[in-house]
Amino acid sequence: MCGIVGYIGYREVLPVLLNGLKRLEYRGYDSAGVAVLNNKTGIYKCKGKVTDLEEHIKKDDGLSGTIGIGHTRWATHGEPNDINAHPHMSYRGKFVIIHNGIIENYAPLKETLVSKGIKFKGETDSEVLVNLIEYIYLKGNMTAEMAARLALSKVEGAYGIVLMCTDEKDKLIAARKGSPLVIGVGHEEYFIASDATPIVEYTKSVIYLNDNDVAVLTRSELILKTLKNIRLTPQVHQIDLDVDEIDKGGYAHFMLKEIFEQPRSILDTFRGRVISDGSELRLGGLFHVIPRLVEAKRIIIVACGTSWHAGLVGEYLFEDLARVSVEVEYASEFRYRRPIITVDDVVIAISQSGETADTLAAVRLAKESGALVLGICNVVGSSIPRETDAGVYTHAGPEIGVASTKAFTAQVTVLAMMAILIAKKRNLLDDKQYRTYIKNLVEVPDKIGAILKDDAKFRNIAGMYQHVNNFLYLGRGYLFPVALEGALKLKEISYIHAEGYPAAEMKHGPIALIDQNMPVVVLATKDHSYDKIVSNIQEVKARKGIVIAVVNQGDTAIRKMADHILEIPSSPSIFTPLLAVIPLQLLSYHIAVMRGCNVDQPRNLAKSVTVE
């Protein structure tokens with residue numbers, strides 16, 4: 001969940017590191033630090049953000065060199081402070097490390113090292129690792145690379161590391177197990193990062209490290225091998241990413257930009273998958289597994305957070321259209337019980353980053369059981385797409401805001417296409433129904449564009465409720481997961497307590513909370529349960545609750561009852577989640593801004609959850 005950046009080449013390293021850390025700050029922002037290796041090792045680190053680090057560095061303008069490493073931290077072991085910030089230097093000053101992940105057996109390793117007379121400055125598991133490397137290096141009189149490989153063979157857990165040795169000043173060592181690392185390849189220079197965002201402005205050529213890979217980099221050479229010292233041939237990939245995509249583009253926050261990008265991101269997700277005359281869907285990433293998908297007796301969807309909510313929408317889609325049984329599991333729970341998985345099952349793993357630790361572990365568990373494992377992911381080349389049997393990229397583009405918005409709608413778009421395609425191949429849709437659904441899908445971006453034009457209305461309503469302490473979100477059917485997602489967005493970025501419920505469950509507990517101070521957001525579009533949701537609104541109003549209703553344009557019945565109306569265009573129920581979530585995203589965004597919250601980097605959260 002931390003951000004890693006490293007460089008070796010001919011450029012002055014500090015601007016490369018600081019710029020890279022700013023690109024990666026969405027991954028972690030409790031503290032930040034850099035280390036530059038020259039005639040001596042200069043380390044600067046502090047609690048806070050990269051801007052705090054820049055101010056700290058200004059106190060010493062002599063930091064210069066062409067090899068260095070940088071890090072933004074999301075705390076796991078040890079509180080966020082200057083000492084626990086990365087990089088960490090070993091006890092005798094031979095090694096400097098940055099580390100993402102968790103060393104699970106750090107406690108016994110630390111105990112052993114302390115017994116050898118090694119002293120520790122902080123509380124992190126990362127400091128244990130760098131001291132273990134140094135201890136092996138000095139005791140065995142060996143190269144830095146060999147010491148790193150031997151040390152890593154003794155640790156349990158996950159890591160993405162970059163290591164510098166003060167005795168080998170023209171070399172970086174990078175290694176990965178369970179935590180992503182990508183190497184950018186330039187001319188007489190290499191870049192290392194947690195993802196491609198800090199690299200793209202320098203090169204489009206990258207190498208993705210796999211688990212148990214170790215890379216040794218000099219300015220002129222990259223040697224790739226396994227932890228067991230087996231040489232590998234690096235596979236260079238070209239990334240399709242532009243610098244403009246990772247800038248705010250004139251918006252106040254990345255989150256707002258990404259909300260407004262959704263007409264384009266959804267279009268990009270189905271572009272090329274809807275043939276030109278709108279008569280057919282083609283999901284090339286699933287071409288070889290379509291027969292098994294069509295014959296599946298059960299689909300299991302595993303995900304976390306917002307992706308889990310998208311999976312819940314997928315459950316309604318697959319069961320409604322394709323008539324196949326679906327279970328949606330929190331990946332973090334799925335992996336720790338004894339799930340019943342058979343070779344007839346299809347497991348779909350959903351992750352924006354493709355590196356979510358629990359979801360990746362669930363993928364591996366499902367593969368061991370012989371199930372067909374598919375991935376739905378946004379980041380090309382990430383771990384989940386590489387470890388699944390097949391899958392579909394969402395093409396949402398980089399999502400920098402920690403609170404996911406366009407990734408959710410892109411994931412739902414992919415799930416809708418999959419469900420429609422399977423339903424057609426199972427002969428549950430005739431040609432006319434099939435083409436109508438495709439036509440409805442193609443209309444979604446323009447409909448979202450129309451909703452976004454009402455942003456000022458959503459902002460006005462947000463202003464009325466920025467100081468409340470609690471919100472309740474209610475929805476039925478396809479809109480129940482959207483209620484959960486709306487509540488999550490508000491919690492994540494405004495720190496207001498919010499809960500999402502199936503509307504019918506209101507009477508089974510949450511109704512006790514409703515009074516004149518409780519805003520209740522009700523998703524009340526016209527579908528087969530419309531009359532029921534109207535009754536729920538009446539129950540809220542009878543208890544003096546405040547109703548903010550998401551309704552179809554032209555609705556008059558609910559307008560008479562609700563305190564506020566958020567209108568969206570009409571659409572078939574299977575596509576309504578894509579529309580109904582937009583007002584909820586904007587409502588959360590504006591409330592958070594008005595409360596003075598850091599919208600793009602909410603407290604205690606990180607974008608890519610690469611630890612359990």
# chains A, B, ... in the order shown; residues from 1 in each chain; ligands from 1

call {"tool": "select_by_dssp", "arguments": {"residues": "region 163-408 of chain A", "states": "strand (DSSP E or B)", "output": "ChimeraX atom specification"}}
result
/A:163-165,168-178,182-185,190-193,205-208,213-217,222-226,231-232,237-238,274,281,298-303,325-330,345-351,372-377,390-393

call {"tool": "residues_around", "arguments": {"residues": "region 212-218 of chain A", "least_positions_apart": "5", "cutoff": "10 Å", "atoms": "only C-alpha atoms", "output": "ChimeraX atom specification"}}
result
/A:7-9,67,144-145,148-149,152-153,159-163,169-178,181,183,188-192,223-232,234

call {"tool": "select_by_dssp", "arguments": {"residues": "region 276-446 of chain A", "states": "helix (DSSP H, G or I)", "output": "VMD selection string"}}
result
chain A and resid 284 to 295 305 to 322 331 to 334 357 to 368 383 to 387 406 to 425 431 to 446

call {"tool": "closest_residue", "arguments": {"among": "A:Cys165, A:Leu256, A:Ala416, A:Ala396", "to": "Met146 (chain A)", "atoms": "only C-alpha atoms"}}
result
A:Cys165

call {"tool": "closest_residue", "arguments": {"among": "A:Pro87, A:Gly449, A:Gly140, A:Pro291", "to": "Glu261 (chain A)", "atoms": "only C-alpha atoms"}}
result
A:Gly449

call {"tool": "closest_residue", "arguments": {"among": "A:Ser535, A:Thr409, A:Ser383, A:Ser279", "to": "Lys424 (chain A)", "atoms": "only C-alpha atoms"}}
result
A:Ser279

call {"tool": "residues_around", "arguments": {"residues": "Gly397 (chain A)", "least_positions_apart": "6", "cutoff": "12 Å", "atoms": "only C-alpha atoms", "output": "MDAnalysis selection string"}}
result
chainID A and resid 197 239:247 257:258 261:262 264:269 352:353 377:380 405:407 410

call {"tool": "residues_around", "arguments": {"residues": "Ser126 (chain A)", "least_positions_apart": "2", "cutoff": "8 Å", "atoms": "only C-alpha atoms", "output": "number ranges by chain"}}
result
A: 88, 97-99, 102-103, 124, 128-130

call {"tool": "closest_residue", "arguments": {"among": "A:Val324, A:Leu488, A:Ala403, A:Val346", "to": "Asn598 (chain A)", "atoms": "only C-alpha atoms"}}
result
A:Ala403

call {"tool": "closest_residue", "arguments": {"among": "A:Asn470, A:Ser369, A:Ile461, A:Phe480", "to": "Ile565 (chain A)", "atoms": "only C-alpha atoms"}}
result
A:Ile461

call {"tool": "atom_distance", "arguments": {"atom1": "CA of Asn84 (chain A)", "atom2": "CA of Lys119 (chain A)"}}
result
14.4 Å

call {"tool": "residues_around", "arguments": {"residues": "Pro481 (chain A)", "least_positions_apart": "5", "cutoff": "12 Å", "atoms": "only C-alpha atoms", "output": "VMD selection string"}}
result
chain A and resid 305 to 317 328 408 412 473 to 476 486 to 488 499 to 503 523 576 to 578 580 to 581

call {"tool": "atom_distance", "arguments": {"atom1": "CA of Asp345 (chain A)", "atom2": "CA of Gly477 (chain A)"}}
result
24.5 Å

call {"tool": "decode", "arguments": {"residues": "region 417-464 of chain A", "atoms": "N, CA and C atoms", "output": "PDB file, in the first residue's frame"}}
result
ATOM      1  N   MET A 417     -22.014  -6.547 -19.529  1.00  0.00           N
ATOM      2  CA  MET A 417     -21.717  -7.145 -20.833  1.00  0.00           C
ATOM      3  C   MET A 417     -21.572  -8.658 -20.730  1.00  0.00           C
ATOM      4  N   MET A 418     -20.909  -9.126 -19.688  1.00  0.00           N
ATOM      5  CA  MET A 418     -20.751 -10.563 -19.498  1.00  0.00           C
ATOM      6  C   MET A 418     -22.093 -11.252 -19.320  1.00  0.00           C
ATOM      7  N   ALA A 419     -22.950 -10.655 -18.489  1.00  0.00           N
ATOM      8  CA  ALA A 419     -24.259 -11.268 -18.227  1.00  0.00           C
ATOM      9  C   ALA A 419     -25.118 -11.301 -19.486  1.00  0.00           C
ATOM     10  N   ILE A 420     -25.106 -10.221 -20.244  1.00  0.00           N
ATOM     11  CA  ILE A 420     -25.885 -10.177 -21.493  1.00  0.00           C
ATOM     12  C   ILE A 420     -25.369 -11.220 -22.474  1.00  0.00           C
ATOM     13  N   LEU A 421     -24.062 -11.317 -22.599  1.00  0.00           N
ATOM     14  CA  LEU A 421     -23.467 -12.261 -23.546  1.00  0.00           C
ATOM     15  C   LEU A 421     -23.778 -13.707 -23.155  1.00  0.00           C
ATOM     16  N   ILE A 422     -23.631 -14.033 -21.876  1.00  0.00           N
ATOM     17  CA  ILE A 422     -23.930 -15.399 -21.434  1.00  0.00           C
ATOM     18  C   ILE A 422     -25.412 -15.710 -21.615  1.00  0.00           C
ATOM     19  N   ALA A 423     -26.274 -14.746 -21.285  1.00  0.00           N
ATOM     20  CA  ALA A 423     -27.715 -14.962 -21.461  1.00  0.00           C
ATOM     21  C   ALA A 423     -28.055 -15.253 -22.915  1.00  0.00           C
ATOM     22  N   LYS A 424     -27.416 -14.532 -23.829  1.00  0.00           N
ATOM     23  CA  LYS A 424     -27.682 -14.770 -25.259  1.00  0.00           C
ATOM     24  C   LYS A 424     -27.208 -16.164 -25.657  1.00  0.00           C
ATOM     25  N   LYS A 425     -26.046 -16.559 -25.199  1.00  0.00           N
ATOM     26  CA  LYS A 425     -25.498 -17.854 -25.589  1.00  0.00           C
ATOM     27  C   LYS A 425     -26.229 -19.011 -24.904  1.00  0.00           C
ATOM     28  N   ARG A 426     -26.956 -18.718 -23.840  1.00  0.00           N
ATOM     29  CA  ARG A 426     -27.787 -19.740 -23.190  1.00  0.00           C
ATOM     30  C   ARG A 426     -29.216 -19.705 -23.727  1.00  0.00           C
ATOM     31  N   ASN A 427     -29.403 -18.901 -24.783  1.00  0.00           N
ATOM     32  CA  ASN A 427     -30.718 -18.793 -25.440  1.00  0.00           C
ATOM     33  C   ASN A 427     -31.797 -18.262 -24.505  1.00  0.00           C
ATOM     34  N   LEU A 428     -31.405 -17.385 -23.613  1.00  0.00           N
ATOM     35  CA  LEU A 428     -32.362 -16.751 -22.710  1.00  0.00           C
ATOM     36  C   LEU A 428     -32.752 -15.358 -23.199  1.00  0.00           C
ATOM     37  N   LEU A 429     -32.074 -14.870 -24.219  1.00  0.00           N
ATOM     38  CA  LEU A 429     -32.432 -13.614 -24.877  1.00  0.00           C
ATOM     39  C   LEU A 429     -32.575 -13.891 -26.366  1.00  0.00           C
ATOM     40  N   ASP A 430     -33.651 -13.373 -26.974  1.00  0.00           N
ATOM     41  CA  ASP A 430     -33.738 -13.479 -28.426  1.00  0.00           C
ATOM     42  C   ASP A 430     -32.948 -12.334 -29.061  1.00  0.00           C
ATOM     43  N   ASP A 431     -32.834 -12.332 -30.371  1.00  0.00           N
ATOM     44  CA  ASP A 431     -32.015 -11.328 -31.058  1.00  0.00           C
ATOM     45  C   ASP A 431     -32.482  -9.905 -30.759  1.00  0.00           C
ATOM     46  N   LYS A 432     -33.800  -9.718 -30.699  1.00  0.00           N
ATOM     47  CA  LYS A 432     -34.334  -8.378 -30.463  1.00  0.00           C
ATOM     48  C   LYS A 432     -33.980  -7.888 -29.062  1.00  0.00           C
ATOM     49  N   GLN A 433     -34.160  -8.758 -28.046  1.00  0.00           N
ATOM     50  CA  GLN A 433     -33.817  -8.370 -26.680  1.00  0.00           C
ATOM     51  C   GLN A 433     -32.320  -8.096 -26.550  1.00  0.00           C
ATOM     52  N   TYR A 434     -31.525  -8.928 -27.172  1.00  0.00           N
ATOM     53  CA  TYR A 434     -30.065  -8.803 -27.132  1.00  0.00           C
ATOM     54  C   TYR A 434     -29.629  -7.457 -27.700  1.00  0.00           C
ATOM     55  N   ARG A 435     -30.136  -7.105 -28.856  1.00  0.00           N
ATOM     56  CA  ARG A 435     -29.761  -5.841 -29.492  1.00  0.00           C
ATOM     57  C   ARG A 435     -30.292  -4.648 -28.716  1.00  0.00           C
ATOM     58  N   THR A 436     -31.464  -4.807 -28.106  1.00  0.00           N
ATOM     59  CA  THR A 436     -32.026  -3.712 -27.310  1.00  0.00           C
ATOM     60  C   THR A 436     -31.151  -3.414 -26.104  1.00  0.00           C
ATOM     61  N   TYR A 437     -30.679  -4.458 -25.431  1.00  0.00           N
ATOM     62  CA  TYR A 437     -29.792  -4.256 -24.297  1.00  0.00           C
ATOM     63  C   TYR A 437     -28.488  -3.590 -24.728  1.00  0.00           C
ATOM     64  N   ILE A 438     -27.948  -4.001 -25.857  1.00  0.00           N
ATOM     65  CA  ILE A 438     -26.718  -3.380 -26.351  1.00  0.00           C
ATOM     66  C   ILE A 438     -26.961  -1.901 -26.647  1.00  0.00           C
ATOM     67  N   LYS A 439     -28.087  -1.604 -27.268  1.00  0.00           N
ATOM     68  CA  LYS A 439     -28.443  -0.211 -27.556  1.00  0.00           C
ATOM     69  C   LYS A 439     -28.559   0.589 -26.257  1.00  0.00           C
ATOM     70  N   ASN A 440     -29.202   0.008 -25.244  1.00  0.00           N
ATOM     71  CA  ASN A 440     -29.338   0.686 -23.961  1.00  0.00           C
ATOM     72  C   ASN A 440     -27.984   0.949 -23.314  1.00  0.00           C
ATOM     73  N   LEU A 441     -27.081  -0.005 -23.455  1.00  0.00           N
ATOM     74  CA  LEU A 441     -25.737   0.173 -22.907  1.00  0.00           C
ATOM     75  C   LEU A 441     -25.017   1.334 -23.590  1.00  0.00           C
ATOM     76  N   VAL A 442     -25.108   1.401 -24.895  1.00  0.00           N
ATOM     77  CA  VAL A 442     -24.427   2.454 -25.656  1.00  0.00           C
ATOM     78  C   VAL A 442     -24.958   3.837 -25.272  1.00  0.00           C
ATOM     79  N   GLU A 443     -26.185   3.911 -24.790  1.00  0.00           N
ATOM     80  CA  GLU A 443     -26.786   5.190 -24.407  1.00  0.00           C
ATOM     81  C   GLU A 443     -26.337   5.677 -23.029  1.00  0.00           C
ATOM     82  N   VAL A 444     -25.729   4.789 -22.231  1.00  0.00           N
ATOM     83  CA  VAL A 444     -25.392   5.131 -20.845  1.00  0.00           C
ATOM     84  C   VAL A 444     -24.452   6.339 -20.735  1.00  0.00           C
ATOM     85  N   PRO A 445     -23.356   6.432 -21.508  1.00  0.00           N
ATOM     86  CA  PRO A 445     -22.470   7.597 -21.337  1.00  0.00           C
ATOM     87  C   PRO A 445     -23.165   8.941 -21.509  1.00  0.00           C
ATOM     88  N   ASP A 446     -24.030   9.063 -22.503  1.00  0.00           N
ATOM     89  CA  ASP A 446     -24.741  10.333 -22.697  1.00  0.00           C
ATOM     90  C   ASP A 446     -25.681  10.616 -21.534  1.00  0.00           C
ATOM     91  N   LYS A 447     -26.293   9.569 -20.990  1.00  0.00           N
ATOM     92  CA  LYS A 447     -27.195   9.769 -19.857  1.00  0.00           C
ATOM     93  C   LYS A 447     -26.427  10.222 -18.617  1.00  0.00           C
ATOM     94  N   ILE A 448     -25.245   9.680 -18.427  1.00  0.00           N
ATOM     95  CA  ILE A 448     -24.419  10.133 -17.303  1.00  0.00           C
ATOM     96  C   ILE A 448     -23.988  11.584 -17.529  1.00  0.00           C
ATOM     97  N   GLY A 449     -23.659  11.915 -18.763  1.00  0.00           N
ATOM     98  CA  GLY A 449     -23.318  13.295 -19.079  1.00  0.00           C
ATOM     99  C   GLY A 449     -24.435  14.252 -18.705  1.00  0.00           C
ATOM    100  N   ALA A 450     -25.679  13.844 -18.943  1.00  0.00           N
ATOM    101  CA  ALA A 450     -26.831  14.685 -18.593  1.00  0.00           C
ATOM    102  C   ALA A 450     -26.940  14.847 -17.077  1.00  0.00           C
ATOM    103  N   ILE A 451     -26.669  13.783 -16.315  1.00  0.00           N
ATOM    104  CA  ILE A 451     -26.724  13.876 -14.852  1.00  0.00           C
ATOM    105  C   ILE A 451     -25.666  14.849 -14.340  1.00  0.00           C
ATOM    106  N   LEU A 452     -24.481  14.775 -14.903  1.00  0.00           N
ATOM    107  CA  LEU A 452     -23.377  15.619 -14.448  1.00  0.00           C
ATOM    108  C   LEU A 452     -23.668  17.106 -14.640  1.00  0.00           C
ATOM    109  N   LYS A 453     -24.532  17.431 -15.578  1.00  0.00           N
ATOM    110  CA  LYS A 453     -24.899  18.840 -15.805  1.00  0.00           C
ATOM    111  C   LYS A 453     -25.665  19.423 -14.625  1.00  0.00           C
ATOM    112  N   ASP A 454     -26.208  18.545 -13.761  1.00  0.00           N
ATOM    113  CA  ASP A 454     -26.949  19.007 -12.591  1.00  0.00           C
ATOM    114  C   ASP A 454     -26.075  19.102 -11.350  1.00  0.00           C
ATOM    115  N   ASP A 455     -24.773  19.145 -11.539  1.00  0.00           N
ATOM    116  CA  ASP A 455     -23.854  19.134 -10.404  1.00  0.00           C
ATOM    117  C   ASP A 455     -24.145  20.264  -9.422  1.00  0.00           C
ATOM    118  N   ALA A 456     -24.525  21.418  -9.902  1.00  0.00           N
ATOM    119  CA  ALA A 456     -24.795  22.547  -9.001  1.00  0.00           C
ATOM    120  C   ALA A 456     -25.942  22.225  -8.038  1.00  0.00           C
ATOM    121  N   LYS A 457     -26.937  21.497  -8.527  1.00  0.00           N
ATOM    122  CA  LYS A 457     -28.065  21.111  -7.656  1.00  0.00           C
ATOM    123  C   LYS A 457     -27.585  20.185  -6.545  1.00  0.00           C
ATOM    124  N   PHE A 458     -26.722  19.227  -6.910  1.00  0.00           N
ATOM    125  CA  PHE A 458     -26.213  18.302  -5.907  1.00  0.00           C
ATOM    126  C   PHE A 458     -25.367  19.049  -4.879  1.00  0.00           C
ATOM    127  N   ARG A 459     -24.608  20.025  -5.344  1.00  0.00           N
ATOM    128  CA  ARG A 459     -23.776  20.811  -4.436  1.00  0.00           C
ATOM    129  C   ARG A 459     -24.637  21.610  -3.463  1.00  0.00           C
ATOM    130  N   ASN A 460     -25.730  22.164  -3.921  1.00  0.00           N
ATOM    131  CA  ASN A 460     -26.619  22.930  -3.049  1.00  0.00           C
ATOM    132  C   ASN A 460     -27.204  22.053  -1.943  1.00  0.00           C
ATOM    133  N   ILE A 461     -27.618  20.847  -2.314  1.00  0.00           N
ATOM    134  CA  ILE A 461     -28.176  19.937  -1.319  1.00  0.00           C
ATOM    135  C   ILE A 461     -27.091  19.528  -0.324  1.00  0.00           C
ATOM    136  N   ALA A 462     -25.881  19.288  -0.823  1.00  0.00           N
ATOM    137  CA  ALA A 462     -24.771  18.930   0.056  1.00  0.00           C
ATOM    138  C   ALA A 462     -24.545  20.009   1.114  1.00  0.00           C
ATOM    139  N   GLY A 463     -24.677  21.254   0.710  1.00  0.00           N
ATOM    140  CA  GLY A 463     -24.460  22.348   1.646  1.00  0.00           C
ATOM    141  C   GLY A 463     -25.411  22.339   2.822  1.00  0.00           C
ATOM    142  N   MET A 464     -26.589  21.773   2.635  1.00  0.00           N
ATOM    143  CA  MET A 464     -27.581  21.727   3.716  1.00  0.00           C
ATOM    144  C   MET A 464     -27.264  20.661   4.757  1.00  0.00           C
TER     145      MET A 464
END
